[in-house]
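Have a look at the structure below before the remarks.
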Protein chains: 2
Amino acid sequence: MLVVDERHALLLREHGVQVTAQRIAVLRAAADAPHSTADALAEAAREHLGAISKQAVYDALSMFVDKGLLRRIEPAGHPAHYETRVGDNHHHLVCRSCGVLVDVDCATGETPCLIPVDSGDFIVDEAEVTYWGICPSCQVSPV
Amino acid sequence: MLVVDERHALLLREHGVQVTAQRIAVLRAAADAPHSTADALAEAAREHLGAISKQAVYDALSMFVDKGLLRRIEPAGHPAHYETRVGDNHHHLVCRSCGVLVDVDCATGETPCLIPVDSGDFIVDEAEVTYWGICPSCQVSPV
DNA sequence: GACTGATTCTTGACTCGGTCCAGAATCGTG
DNA sequence: CACGATTCTGGACCGAGTCAAGAATCAGTC
């Protein structure tokens, strides 16, 4: 526990940002439960801190995303989710029925379908792929 | 004008739904201005009808999407946009700065990166690709 | 052309996810 | 340990979209 928090504290220091109890709690919550929503992370952080404001959670999360510690995923029709697996530009599968999110590696090799055939004069810096379908458990008993 | 409306009315009848002034106005607005938001379409429809409720617009739009007459695009952090180009599963380029949306054909041939390498037991029915970048005009003068 | 049941539209309250703001608390450097 | 900068709290607020009840409109039948 303490060890874990120390590690997170270090990570924050390395990124040149202030270390606060709230940030550590949020970072920890995100590491413990990948693909969580801001709300769920706030709840989890609360279990360690006793209390934390909605704002502190949002602040921490967007800072983490900025610094590349977390990645934000926002499937259409669902609140944003955060994950710790960063830097490999993997993609996601979303269940149309229950909204569950699953990691998936790309079909076409390394840095895949990254460049559109004709990007006009856009400067493209990211290609985001989302697969939509029905997850195994919803195939059996739809929500 | 009338001709256009007749065509839209026919389209609705073909899809087995009631023809109403509101639906025609919304469909028309969507055809006239691709990539519009619900709000913009409501506004455009209002110019032809005088008045239309928010609800009627949302009802019409989601019905159109259901029937395959329109496609809904929801880029993270932006309200939903609707377009009339359906059935070819093309993709989109979104400007990070101003949010403008541009159609783009897929990089890797027909029905492209559609199948993830390992979908577990998910039944995948769609692959959605979104390219993020900066549009030409924002490169010159950022919003 | 009027009648009638089903569908659709209007109005207005409400939800959810997220942001804005001002003042209080906390951090970390000197 | 004191001070300035950063961050956190609490609460109001916002935009996009949904819900619900009653009024209006549609389309098939006489």
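Lettering and numbering for the structure tokens are positional, with chains as A, B, ... in the shown order, residues counted from 1 in each chain, and ligands counted from 1 in the shown order.
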
Enumerate, in order of chain and increasing residue number, the residues of chain B with an atom no farther than 10 Å from chain C, each with its shortest atom pair and distance in Å to one decimal, counting only C-alpha atoms (C1' of nucleotides), as CSV.
```
residue,atom,partner,partner_atom,distance
B:Val17,CA,C:DT7,C1',9.7
B:Gln18,CA,C:DT7,C1',7.9
B:Val19,CA,C:DT8,C1',9.9
B:Thr20,CA,C:DT8,C1',8.3
B:Gln22,CA,C:DC9,C1',8.7
B:Ile52,CA,C:DC9,C1',8.4
B:Ser53,CA,C:DT10,C1',6.5
B:Lys54,CA,C:DT10,C1',9.2
B:Gln55,CA,C:DC9,C1',7.9
B:Ala56,CA,C:DC9,C1',6.1
B:Val57,CA,C:DC9,C1',9.8
B:Asp59,CA,C:DT8,C1',9.2
B:Ala60,CA,C:DT8,C1',9.8
```

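Within 6 Å of chain A, and using only C-alpha atoms, the residues found on chain B are B:Glu74, B:Ala76, B:Cys106, B:Ala107, B:Pro116, B:Val117, B:Asp121, B:Phe122, B:Ile123, B:Val124, B:Asp125, B:Glu126, B:Ala127, B:Glu128, B:Val129, B:Thr130, B:Tyr131, B:Trp132, B:Gly133, B:Ile134, B:Cys135, B:Pro136.
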
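Here CA of Ala42 (chain B) stands at a distance of 12.9 Å from CA of Ala21 (chain B).
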
Fit chain B to chain A: least squares, all C-alpha atoms, paired in order; write the output as a tab-separated table (two decimals) with N, CA and C atoms, in the first residue's frame.
```tsv
chain	number	residue	atom	x	y	z
B	1	MET	N	0.74	-1.12	0.05
B	1	MET	CA	-0.08	0.09	0.05
B	1	MET	C	0.81	1.33	0.03
B	2	LEU	N	1.62	1.43	1.09
B	2	LEU	CA	2.54	2.56	1.14
B	2	LEU	C	3.51	2.50	-0.02
B	3	VAL	N	3.97	1.30	-0.26
B	3	VAL	CA	4.92	1.10	-1.36
B	3	VAL	C	4.31	1.60	-2.67
B	4	VAL	N	3.09	1.17	-2.89
B	4	VAL	CA	2.40	1.58	-4.10
B	4	VAL	C	2.33	3.11	-4.18
B	5	ASP	N	1.94	3.72	-3.08
B	5	ASP	CA	1.81	5.16	-3.09
B	5	ASP	C	3.14	5.85	-3.35
B	6	GLU	N	4.21	5.29	-2.79
B	6	GLU	CA	5.54	5.86	-3.03
B	6	GLU	C	5.87	5.84	-4.52
B	7	ARG	N	5.55	4.74	-5.12
B	7	ARG	CA	5.83	4.59	-6.54
B	7	ARG	C	5.06	5.65	-7.34
B	8	HIS	N	3.82	5.84	-6.98
B	8	HIS	CA	3.01	6.83	-7.68
B	8	HIS	C	3.55	8.24	-7.44
B	9	ALA	N	3.95	8.49	-6.20
B	9	ALA	CA	4.49	9.81	-5.87
B	9	ALA	C	5.72	10.09	-6.72
B	10	LEU	N	6.56	9.10	-6.83
B	10	LEU	CA	7.77	9.23	-7.63
B	10	LEU	C	7.41	9.56	-9.08
B	11	LEU	N	6.44	8.85	-9.58
B	11	LEU	CA	5.99	9.04	-10.95
B	11	LEU	C	5.57	10.49	-11.17
B	12	LEU	N	4.88	11.02	-10.21
B	12	LEU	CA	4.43	12.41	-10.32
B	12	LEU	C	5.62	13.36	-10.31
B	13	ARG	N	6.54	13.12	-9.39
B	13	ARG	CA	7.72	13.97	-9.30
B	13	ARG	C	8.50	13.95	-10.61
B	14	GLU	N	8.65	12.75	-11.15
B	14	GLU	CA	9.36	12.61	-12.43
B	14	GLU	C	8.73	13.46	-13.53
B	15	HIS	N	7.43	13.63	-13.43
B	15	HIS	CA	6.75	14.41	-14.46
B	15	HIS	C	6.66	15.88	-14.09
B	16	GLY	N	7.37	16.24	-13.02
B	16	GLY	CA	7.45	17.65	-12.68
B	16	GLY	C	6.16	18.30	-12.20
B	17	VAL	N	5.34	17.53	-11.52
B	17	VAL	CA	4.12	18.11	-10.98
B	17	VAL	C	4.08	17.91	-9.47
B	18	GLN	N	3.33	18.74	-8.83
B	18	GLN	CA	3.22	18.62	-7.38
B	18	GLN	C	2.59	17.29	-6.98
B	19	VAL	N	3.06	16.79	-5.85
B	19	VAL	CA	2.52	15.53	-5.35
B	19	VAL	C	1.48	15.85	-4.30
B	20	THR	N	0.27	15.42	-4.51
B	20	THR	CA	-0.77	15.64	-3.50
B	20	THR	C	-1.48	14.32	-3.22
B	21	ALA	N	-2.08	14.26	-2.07
B	21	ALA	CA	-2.77	13.04	-1.67
B	21	ALA	C	-3.84	12.68	-2.70
B	22	GLN	N	-4.55	13.71	-3.18
B	22	GLN	CA	-5.64	13.46	-4.13
B	22	GLN	C	-5.12	12.84	-5.41
B	23	ARG	N	-4.03	13.38	-5.91
B	23	ARG	CA	-3.50	12.85	-7.17
B	23	ARG	C	-3.06	11.42	-7.03
B	24	ILE	N	-2.40	11.13	-5.92
B	24	ILE	CA	-1.95	9.76	-5.71
B	24	ILE	C	-3.15	8.82	-5.65
B	25	ALA	N	-4.18	9.26	-4.93
B	25	ALA	CA	-5.36	8.40	-4.79
B	25	ALA	C	-6.00	8.13	-6.14
B	26	VAL	N	-6.08	9.16	-6.99
B	26	VAL	CA	-6.71	8.99	-8.29
B	26	VAL	C	-5.86	8.08	-9.18
B	27	LEU	N	-4.56	8.33	-9.18
B	27	LEU	CA	-3.66	7.54	-10.00
B	27	LEU	C	-3.73	6.07	-9.60
B	28	ARG	N	-3.76	5.87	-8.30
B	28	ARG	CA	-3.86	4.53	-7.76
B	28	ARG	C	-5.14	3.84	-8.18
B	29	ALA	N	-6.23	4.58	-8.07
B	29	ALA	CA	-7.52	4.02	-8.43
B	29	ALA	C	-7.52	3.61	-9.90
B	30	ALA	N	-6.92	4.46	-10.74
B	30	ALA	CA	-6.88	4.16	-12.17
B	30	ALA	C	-6.03	2.93	-12.45
B	31	ALA	N	-4.94	2.79	-11.69
B	31	ALA	CA	-4.07	1.63	-11.88
B	31	ALA	C	-4.77	0.35	-11.42
B	32	ASP	N	-5.54	0.47	-10.35
B	32	ASP	CA	-6.22	-0.70	-9.78
B	32	ASP	C	-7.37	-1.18	-10.66
B	33	ALA	N	-8.07	-0.23	-11.27
B	33	ALA	CA	-9.26	-0.62	-12.05
B	33	ALA	C	-9.22	0.04	-13.42
B	34	PRO	N	-8.60	-0.62	-14.38
B	34	PRO	CA	-8.49	-0.05	-15.72
B	34	PRO	C	-9.87	0.14	-16.34
B	35	HIS	N	-9.98	1.08	-17.26
B	35	HIS	CA	-11.24	1.33	-17.97
B	35	HIS	C	-12.34	1.85	-17.05
B	36	SER	N	-11.96	2.58	-16.02
B	36	SER	CA	-12.97	3.15	-15.14
B	36	SER	C	-13.40	4.53	-15.62
B	37	THR	N	-14.59	4.92	-15.20
B	37	THR	CA	-15.05	6.28	-15.48
B	37	THR	C	-14.55	7.21	-14.38
B	38	ALA	N	-14.63	8.51	-14.64
B	38	ALA	CA	-14.22	9.51	-13.66
B	38	ALA	C	-14.97	9.29	-12.35
B	39	ASP	N	-16.24	9.01	-12.47
B	39	ASP	CA	-17.07	8.79	-11.31
B	39	ASP	C	-16.60	7.61	-10.48
B	40	ALA	N	-16.32	6.51	-11.15
B	40	ALA	CA	-15.87	5.32	-10.46
B	40	ALA	C	-14.53	5.58	-9.78
B	41	LEU	N	-13.66	6.33	-10.46
B	41	LEU	CA	-12.36	6.64	-9.89
B	41	LEU	C	-12.51	7.53	-8.67
B	42	ALA	N	-13.43	8.48	-8.74
B	42	ALA	CA	-13.68	9.35	-7.59
B	42	ALA	C	-14.10	8.50	-6.40
B	43	GLU	N	-14.99	7.57	-6.68
B	43	GLU	CA	-15.48	6.69	-5.62
B	43	GLU	C	-14.34	5.88	-5.00
B	44	ALA	N	-13.52	5.31	-5.87
B	44	ALA	CA	-12.40	4.50	-5.40
B	44	ALA	C	-11.41	5.35	-4.60
B	45	ALA	N	-11.15	6.55	-5.10
B	45	ALA	CA	-10.21	7.44	-4.41
B	45	ALA	C	-10.75	7.79	-3.03
B	46	ARG	N	-12.07	7.93	-2.96
B	46	ARG	CA	-12.73	8.29	-1.71
B	46	ARG	C	-12.50	7.22	-0.64
B	47	GLU	N	-12.39	5.98	-1.08
B	47	GLU	CA	-12.18	4.91	-0.11
B	47	GLU	C	-10.83	5.02	0.58
B	48	HIS	N	-9.90	5.66	-0.09
B	48	HIS	CA	-8.57	5.79	0.51
B	48	HIS	C	-8.41	7.10	1.25
B	49	LEU	N	-9.10	8.13	0.76
B	49	LEU	CA	-8.90	9.46	1.31
B	49	LEU	C	-9.99	9.87	2.28
B	50	GLY	N	-11.12	9.24	2.17
B	50	GLY	CA	-12.26	9.69	2.96
B	50	GLY	C	-13.12	10.61	2.11
B	51	ALA	N	-12.48	11.61	1.50
B	51	ALA	CA	-13.25	12.53	0.66
B	51	ALA	C	-12.38	13.12	-0.42
B	52	ILE	N	-12.98	13.40	-1.55
B	52	ILE	CA	-12.28	14.12	-2.61
B	52	ILE	C	-13.36	14.73	-3.49
B	53	SER	N	-13.10	15.94	-3.95
B	53	SER	CA	-14.12	16.61	-4.74
B	53	SER	C	-14.07	16.14	-6.18
B	54	LYS	N	-15.21	16.23	-6.80
B	54	LYS	CA	-15.34	15.93	-8.22
B	54	LYS	C	-14.30	16.69	-9.03
B	55	GLN	N	-14.15	17.95	-8.69
B	55	GLN	CA	-13.25	18.80	-9.44
B	55	GLN	C	-11.81	18.32	-9.36
B	56	ALA	N	-11.37	17.94	-8.17
B	56	ALA	CA	-10.00	17.47	-7.99
B	56	ALA	C	-9.77	16.24	-8.86
B	57	VAL	N	-10.77	15.40	-8.95
B	57	VAL	CA	-10.65	14.19	-9.77
B	57	VAL	C	-10.51	14.58	-11.24
B	58	TYR	N	-11.37	15.45	-11.71
B	58	TYR	CA	-11.29	15.86	-13.11
B	58	TYR	C	-9.96	16.55	-13.40
B	59	ASP	N	-9.53	17.41	-12.48
B	59	ASP	CA	-8.25	18.10	-12.66
B	59	ASP	C	-7.12	17.09	-12.78
B	60	ALA	N	-7.08	16.17	-11.83
B	60	ALA	CA	-6.01	15.17	-11.82
B	60	ALA	C	-6.04	14.36	-13.11
B	61	LEU	N	-7.21	13.90	-13.48
B	61	LEU	CA	-7.32	13.05	-14.66
B	61	LEU	C	-6.84	13.77	-15.92
B	62	SER	N	-7.27	15.01	-16.10
B	62	SER	CA	-6.87	15.64	-17.36
B	62	SER	C	-5.39	15.98	-17.34
B	63	MET	N	-4.86	16.22	-16.14
B	63	MET	CA	-3.42	16.43	-16.06
B	63	MET	C	-2.68	15.14	-16.41
B	64	PHE	N	-3.15	14.02	-15.90
B	64	PHE	CA	-2.52	12.74	-16.20
B	64	PHE	C	-2.55	12.45	-17.70
B	65	VAL	N	-3.68	12.77	-18.30
B	65	VAL	CA	-3.80	12.54	-19.74
B	65	VAL	C	-2.81	13.42	-20.49
B	66	ASP	N	-2.71	14.68	-20.07
B	66	ASP	CA	-1.74	15.61	-20.66
B	66	ASP	C	-0.32	15.08	-20.58
B	67	LYS	N	0.01	14.55	-19.41
B	67	LYS	CA	1.38	14.09	-19.16
B	67	LYS	C	1.64	12.71	-19.74
B	68	GLY	N	0.60	12.10	-20.29
B	68	GLY	CA	0.80	10.79	-20.89
B	68	GLY	C	0.80	9.64	-19.89
B	69	LEU	N	0.29	9.90	-18.70
B	69	LEU	CA	0.22	8.82	-17.71
B	69	LEU	C	-1.04	7.99	-17.88
B	70	LEU	N	-2.06	8.62	-18.42
B	70	LEU	CA	-3.31	7.92	-18.65
B	70	LEU	C	-3.81	8.22	-20.05
B	71	ARG	N	-4.69	7.36	-20.52
B	71	ARG	CA	-5.31	7.61	-21.80
B	71	ARG	C	-6.82	7.68	-21.59
B	72	ARG	N	-7.43	8.65	-22.23
B	72	ARG	CA	-8.88	8.83	-22.10
B	72	ARG	C	-9.56	8.20	-23.31
B	73	ILE	N	-10.60	7.42	-23.05
B	73	ILE	CA	-11.38	6.82	-24.12
B	73	ILE	C	-12.82	7.28	-23.97
B	74	GLU	N	-13.39	7.77	-25.04
B	74	GLU	CA	-14.75	8.30	-24.96
B	74	GLU	C	-15.65	7.69	-26.01
B	75	PRO	N	-16.20	6.53	-25.75
B	75	PRO	CA	-17.08	5.91	-26.75
B	75	PRO	C	-18.38	6.71	-26.82
B	76	ALA	N	-18.87	6.89	-28.04
B	76	ALA	CA	-20.11	7.63	-28.26
B	76	ALA	C	-21.20	7.11	-27.34
B	77	GLY	N	-21.84	8.02	-26.64
B	77	GLY	CA	-22.95	7.63	-25.80
B	77	GLY	C	-22.58	7.12	-24.42
B	78	HIS	N	-21.27	7.14	-24.11
B	78	HIS	CA	-20.83	6.71	-22.80
B	78	HIS	C	-19.92	7.77	-22.19
B	79	PRO	N	-19.89	7.83	-20.86
B	79	PRO	CA	-18.94	8.75	-20.24
B	79	PRO	C	-17.51	8.30	-20.52
B	80	ALA	N	-16.56	9.20	-20.33
B	80	ALA	CA	-15.17	8.89	-20.61
B	80	ALA	C	-14.63	7.81	-19.67
B	81	HIS	N	-13.75	6.98	-20.23
B	81	HIS	CA	-13.06	5.96	-19.43
B	81	HIS	C	-11.57	6.26	-19.48
B	82	TYR	N	-10.85	5.81	-18.44
B	82	TYR	CA	-9.42	6.07	-18.38
B	82	TYR	C	-8.67	4.77	-18.23
B	83	GLU	N	-7.53	4.68	-18.91
B	83	GLU	CA	-6.75	3.46	-18.78
B	83	GLU	C	-5.27	3.78	-18.66
B	84	THR	N	-4.54	2.84	-18.07
B	84	THR	CA	-3.12	3.06	-17.81
B	84	THR	C	-2.24	2.54	-18.93
B	85	ARG	N	-2.84	1.78	-19.84
B	85	ARG	CA	-2.04	1.25	-20.96
B	85	ARG	C	-1.89	2.36	-21.99
B	86	VAL	N	-0.77	3.02	-21.96
B	86	VAL	CA	-0.56	4.15	-22.87
B	86	VAL	C	0.61	3.88	-23.81
B	87	GLY	N	0.70	4.64	-24.85
B	87	GLY	CA	1.88	4.62	-25.70
B	87	GLY	C	1.92	3.54	-26.76
B	88	ASP	N	0.89	2.68	-26.82
B	88	ASP	CA	0.97	1.66	-27.86
B	88	ASP	C	-0.19	1.78	-28.87
B	89	ASN	N	-0.99	2.81	-28.68
B	89	ASN	CA	-2.12	3.04	-29.58
B	89	ASN	C	-2.89	1.77	-29.96
B	90	HIS	N	-3.25	1.03	-28.94
B	90	HIS	CA	-4.13	-0.11	-29.20
B	90	HIS	C	-5.56	0.42	-29.32
B	91	HIS	N	-6.47	-0.46	-29.65
B	91	HIS	CA	-7.83	0.01	-29.89
B	91	HIS	C	-8.83	-0.61	-28.94
B	92	HIS	N	-10.11	-0.32	-29.16
B	92	HIS	CA	-11.11	-0.79	-28.21
B	92	HIS	C	-12.35	-1.36	-28.86
B	93	LEU	N	-12.91	-2.30	-28.14
B	93	LEU	CA	-14.14	-2.95	-28.51
B	93	LEU	C	-15.20	-2.52	-27.51
B	94	VAL	N	-16.32	-2.02	-28.00
B	94	VAL	CA	-17.36	-1.56	-27.09
B	94	VAL	C	-18.63	-2.37	-27.30
B	95	CYS	N	-19.22	-2.82	-26.22
B	95	CYS	CA	-20.48	-3.57	-26.32
B	95	CYS	C	-21.64	-2.59	-26.46
B	96	ARG	N	-22.43	-2.77	-27.50
B	96	ARG	CA	-23.56	-1.87	-27.74
B	96	ARG	C	-24.62	-2.02	-26.67
B	97	SER	N	-24.63	-3.17	-26.05
B	97	SER	CA	-25.69	-3.44	-25.09
B	97	SER	C	-25.34	-2.94	-23.69
B	98	CYS	N	-24.19	-3.35	-23.16
B	98	CYS	CA	-23.88	-2.98	-21.78
B	98	CYS	C	-22.75	-1.95	-21.68
B	99	GLY	N	-22.12	-1.64	-22.80
B	99	GLY	CA	-21.12	-0.59	-22.78
B	99	GLY	C	-19.74	-1.03	-22.32
B	100	VAL	N	-19.57	-2.28	-22.02
B	100	VAL	CA	-18.27	-2.74	-21.54
B	100	VAL	C	-17.18	-2.50	-22.59
B	101	LEU	N	-15.98	-2.23	-22.10
B	101	LEU	CA	-14.87	-1.84	-22.94
B	101	LEU	C	-13.76	-2.87	-22.87
B	102	VAL	N	-13.25	-3.30	-24.01
B	102	VAL	CA	-12.20	-4.31	-24.03
B	102	VAL	C	-11.06	-3.84	-24.92
B	103	ASP	N	-9.83	-4.07	-24.48
B	103	ASP	CA	-8.67	-3.72	-25.30
B	103	ASP	C	-8.55	-4.68	-26.45
B	104	VAL	N	-8.01	-4.18	-27.56
B	104	VAL	CA	-7.81	-5.06	-28.70
B	104	VAL	C	-6.63	-4.52	-29.51
B	105	ASP	N	-5.77	-5.42	-29.95
B	105	ASP	CA	-4.64	-4.96	-30.73
B	105	ASP	C	-5.07	-4.76	-32.16
B	106	CYS	N	-4.31	-4.01	-32.90
B	106	CYS	CA	-4.79	-3.65	-34.23
B	106	CYS	C	-4.61	-4.77	-35.23
B	107	ALA	N	-5.54	-4.80	-36.17
B	107	ALA	CA	-5.58	-5.85	-37.18
B	107	ALA	C	-4.36	-5.81	-38.08
B	108	THR	N	-4.05	-4.64	-38.58
B	108	THR	CA	-3.09	-4.56	-39.67
B	108	THR	C	-1.69	-4.16	-39.21
B	109	GLY	N	-1.09	-5.00	-38.40
B	109	GLY	CA	0.32	-4.81	-38.03
B	109	GLY	C	0.56	-3.61	-37.13
B	110	GLU	N	1.76	-3.15	-37.14
B	110	GLU	CA	2.16	-1.99	-36.35
B	110	GLU	C	1.49	-0.72	-36.85
B	111	THR	N	1.49	0.30	-35.98
B	111	THR	CA	0.88	1.59	-36.35
B	111	THR	C	0.07	1.46	-37.63
B	112	PRO	N	-1.12	1.03	-37.48
B	112	PRO	CA	-1.88	0.43	-38.57
B	112	PRO	C	-2.49	1.48	-39.45
B	113	CYS	N	-3.70	1.21	-39.79
B	113	CYS	CA	-4.53	2.10	-40.59
B	113	CYS	C	-4.34	3.56	-40.18
B	114	LEU	N	-3.10	3.92	-39.88
B	114	LEU	CA	-2.90	5.24	-39.28
B	114	LEU	C	-3.00	6.40	-40.25
B	115	ILE	N	-2.68	6.15	-41.48
B	115	ILE	CA	-2.69	7.26	-42.43
B	115	ILE	C	-3.84	7.12	-43.43
B	116	PRO	N	-4.76	8.05	-43.39
B	116	PRO	CA	-5.84	7.97	-44.35
B	116	PRO	C	-5.31	8.21	-45.74
B	117	VAL	N	-6.03	7.69	-46.70
B	117	VAL	CA	-5.55	7.72	-48.06
B	117	VAL	C	-5.32	9.15	-48.56
B	118	ASP	N	-6.22	10.02	-48.18
B	118	ASP	CA	-6.06	11.41	-48.60
B	118	ASP	C	-6.50	12.29	-47.45
B	119	SER	N	-5.55	12.90	-46.79
B	119	SER	CA	-5.90	13.68	-45.61
B	119	SER	C	-6.05	15.15	-45.95
B	120	GLY	N	-6.13	15.46	-47.23
B	120	GLY	CA	-6.25	16.87	-47.60
B	120	GLY	C	-5.05	17.59	-47.04
B	121	ASP	N	-5.27	18.72	-46.39
B	121	ASP	CA	-4.15	19.42	-45.78
B	121	ASP	C	-4.15	19.30	-44.28
B	122	PHE	N	-4.98	18.41	-43.78
B	122	PHE	CA	-4.98	18.15	-42.35
B	122	PHE	C	-3.62	17.62	-41.91
B	123	ILE	N	-3.19	18.01	-40.71
B	123	ILE	CA	-2.05	17.36	-40.09
B	123	ILE	C	-2.63	16.34	-39.12
B	124	VAL	N	-2.54	15.06	-39.49
B	124	VAL	CA	-3.15	14.02	-38.67
B	124	VAL	C	-2.16	13.50	-37.65
B	125	ASP	N	-2.55	13.45	-36.37
B	125	ASP	CA	-1.61	12.95	-35.38
B	125	ASP	C	-2.07	11.69	-34.67
B	126	GLU	N	-3.30	11.27	-34.95
B	126	GLU	CA	-3.76	10.05	-34.30
B	126	GLU	C	-4.90	9.42	-35.08
B	127	ALA	N	-4.89	8.10	-35.11
B	127	ALA	CA	-6.01	7.38	-35.68
B	127	ALA	C	-6.61	6.53	-34.57
B	128	GLU	N	-7.88	6.71	-34.38
B	128	GLU	CA	-8.55	6.04	-33.29
B	128	GLU	C	-9.53	5.04	-33.89
B	129	VAL	N	-9.42	3.78	-33.48
B	129	VAL	CA	-10.30	2.77	-34.03
B	129	VAL	C	-11.19	2.22	-32.92
B	130	THR	N	-12.48	2.21	-33.15
B	130	THR	CA	-13.41	1.65	-32.19
B	130	THR	C	-14.25	0.58	-32.86
B	131	TYR	N	-14.23	-0.61	-32.29
B	131	TYR	CA	-15.05	-1.68	-32.80
B	131	TYR	C	-16.32	-1.77	-31.96
B	132	TRP	N	-17.46	-1.89	-32.65
B	132	TRP	CA	-18.74	-1.99	-31.95
B	132	TRP	C	-19.33	-3.37	-32.14
B	133	GLY	N	-19.91	-3.91	-31.08
B	133	GLY	CA	-20.51	-5.23	-31.19
B	133	GLY	C	-21.25	-5.60	-29.93
B	134	ILE	N	-21.40	-6.89	-29.74
B	134	ILE	CA	-22.10	-7.40	-28.56
B	134	ILE	C	-21.16	-8.33	-27.81
B	135	CYS	N	-21.01	-8.06	-26.53
B	135	CYS	CA	-20.08	-8.86	-25.74
B	135	CYS	C	-20.68	-10.23	-25.43
B	136	PRO	N	-19.83	-11.18	-25.09
B	136	PRO	CA	-20.29	-12.54	-24.82
B	136	PRO	C	-21.45	-12.59	-23.84
B	137	SER	N	-21.35	-11.87	-22.74
B	137	SER	CA	-22.39	-12.05	-21.72
B	137	SER	C	-23.71	-11.43	-22.16
B	138	CYS	N	-23.65	-10.38	-23.01
B	138	CYS	CA	-24.90	-9.81	-23.50
B	138	CYS	C	-25.52	-10.66	-24.61
B	139	GLN	N	-24.70	-11.48	-25.25
B	139	GLN	CA	-25.25	-12.39	-26.25
B	139	GLN	C	-26.17	-13.40	-25.56
B	140	VAL	N	-25.78	-13.78	-24.35
B	140	VAL	CA	-26.56	-14.75	-23.59
B	140	VAL	C	-27.79	-14.08	-22.96
B	141	SER	N	-27.53	-13.02	-22.21
B	141	SER	CA	-28.64	-12.33	-21.54
B	141	SER	C	-28.49	-10.82	-21.70
B	142	PRO	N	-29.13	-10.28	-22.75
B	142	PRO	CA	-29.03	-8.85	-23.04
B	142	PRO	C	-29.46	-8.03	-21.85
B	143	VAL	N	-28.81	-6.89	-21.68
B	143	VAL	CA	-29.14	-5.99	-20.57
B	143	VAL	C	-30.52	-5.38	-20.78
```

query = Once you count only C-alpha atoms (C1' of nucleotides), which residues of chain D turn out to be within 10 Å of chain B? Could you give them as a PyMOL selection string?
reply = chain D and resi 15-18+25-27

request  = Just the strand (DSSP E or B) stuff from chain B, please, per backbone DSSP, written as a PyMOL selection string.
outcome  = chain B and resi 36-37+71-73+81-83+91-95+101-104+123-134

Would you export the selected residues with C-alpha atoms as a JSON list (two decimals), in the first residue's frame, please?
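Generated output (selection.json):
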```json
[["chain", "number", "residue", "atom", "x", "y", "z"],
["B", 36, "SER", "CA", -24.72, 19.25, -39.02],
["B", 37, "THR", "CA", -25.55, 18.94, -35.35],
["B", 71, "ARG", "CA", -25.58, 8.25, -40.08],
["B", 72, "ARG", "CA", -24.73, 9.66, -36.68],
["B", 73, "ILE", "CA", -21.15, 10.64, -35.90],
["B", 81, "HIS", "CA", -23.32, 15.20, -36.20],
["B", 82, "TYR", "CA", -25.52, 13.69, -38.90],
["B", 83, "GLU", "CA", -24.71, 12.93, -42.49],
["B", 91, "HIS", "CA", -14.38, 7.50, -41.93],
["B", 92, "HIS", "CA", -13.84, 10.95, -40.49],
["B", 93, "LEU", "CA", -11.19, 13.47, -39.78],
["B", 94, "VAL", "CA", -11.79, 15.77, -36.83],
["B", 95, "CYS", "CA", -9.95, 19.01, -36.16],
["B", 101, "LEU", "CA", -15.51, 17.21, -39.58],
["B", 102, "VAL", "CA", -14.29, 15.93, -42.94],
["B", 103, "ASP", "CA", -15.10, 12.70, -44.77],
["B", 104, "VAL", "CA", -12.22, 10.45, -45.64],
["B", 123, "ILE", "CA", -19.66, -10.26, -32.18],
["B", 124, "VAL", "CA", -18.26, -7.22, -33.96],
["B", 125, "ASP", "CA", -20.55, -5.45, -36.41],
["B", 126, "GLU", "CA", -18.77, -2.20, -37.09],
["B", 127, "ALA", "CA", -15.34, -0.65, -37.06],
["B", 128, "GLU", "CA", -15.27, 3.06, -36.65],
["B", 129, "VAL", "CA", -12.14, 4.99, -37.51],
["B", 130, "THR", "CA", -11.59, 8.58, -36.44],
["B", 131, "TYR", "CA", -8.56, 10.57, -37.44],
["B", 132, "TRP", "CA", -7.57, 13.48, -35.22],
["B", 133, "GLY", "CA", -5.51, 16.43, -36.33],
["B", 134, "ILE", "CA", -5.47, 20.08, -37.20]]
```

inquiry  = Can you pull out every residue from region 16-133 of chain A that DSSP, working from the backbone, puts in alpha helix (DSSP H), and format the result as a PyMOL selection string?
reply    = chain A and resi 21-32+38-49+54-67
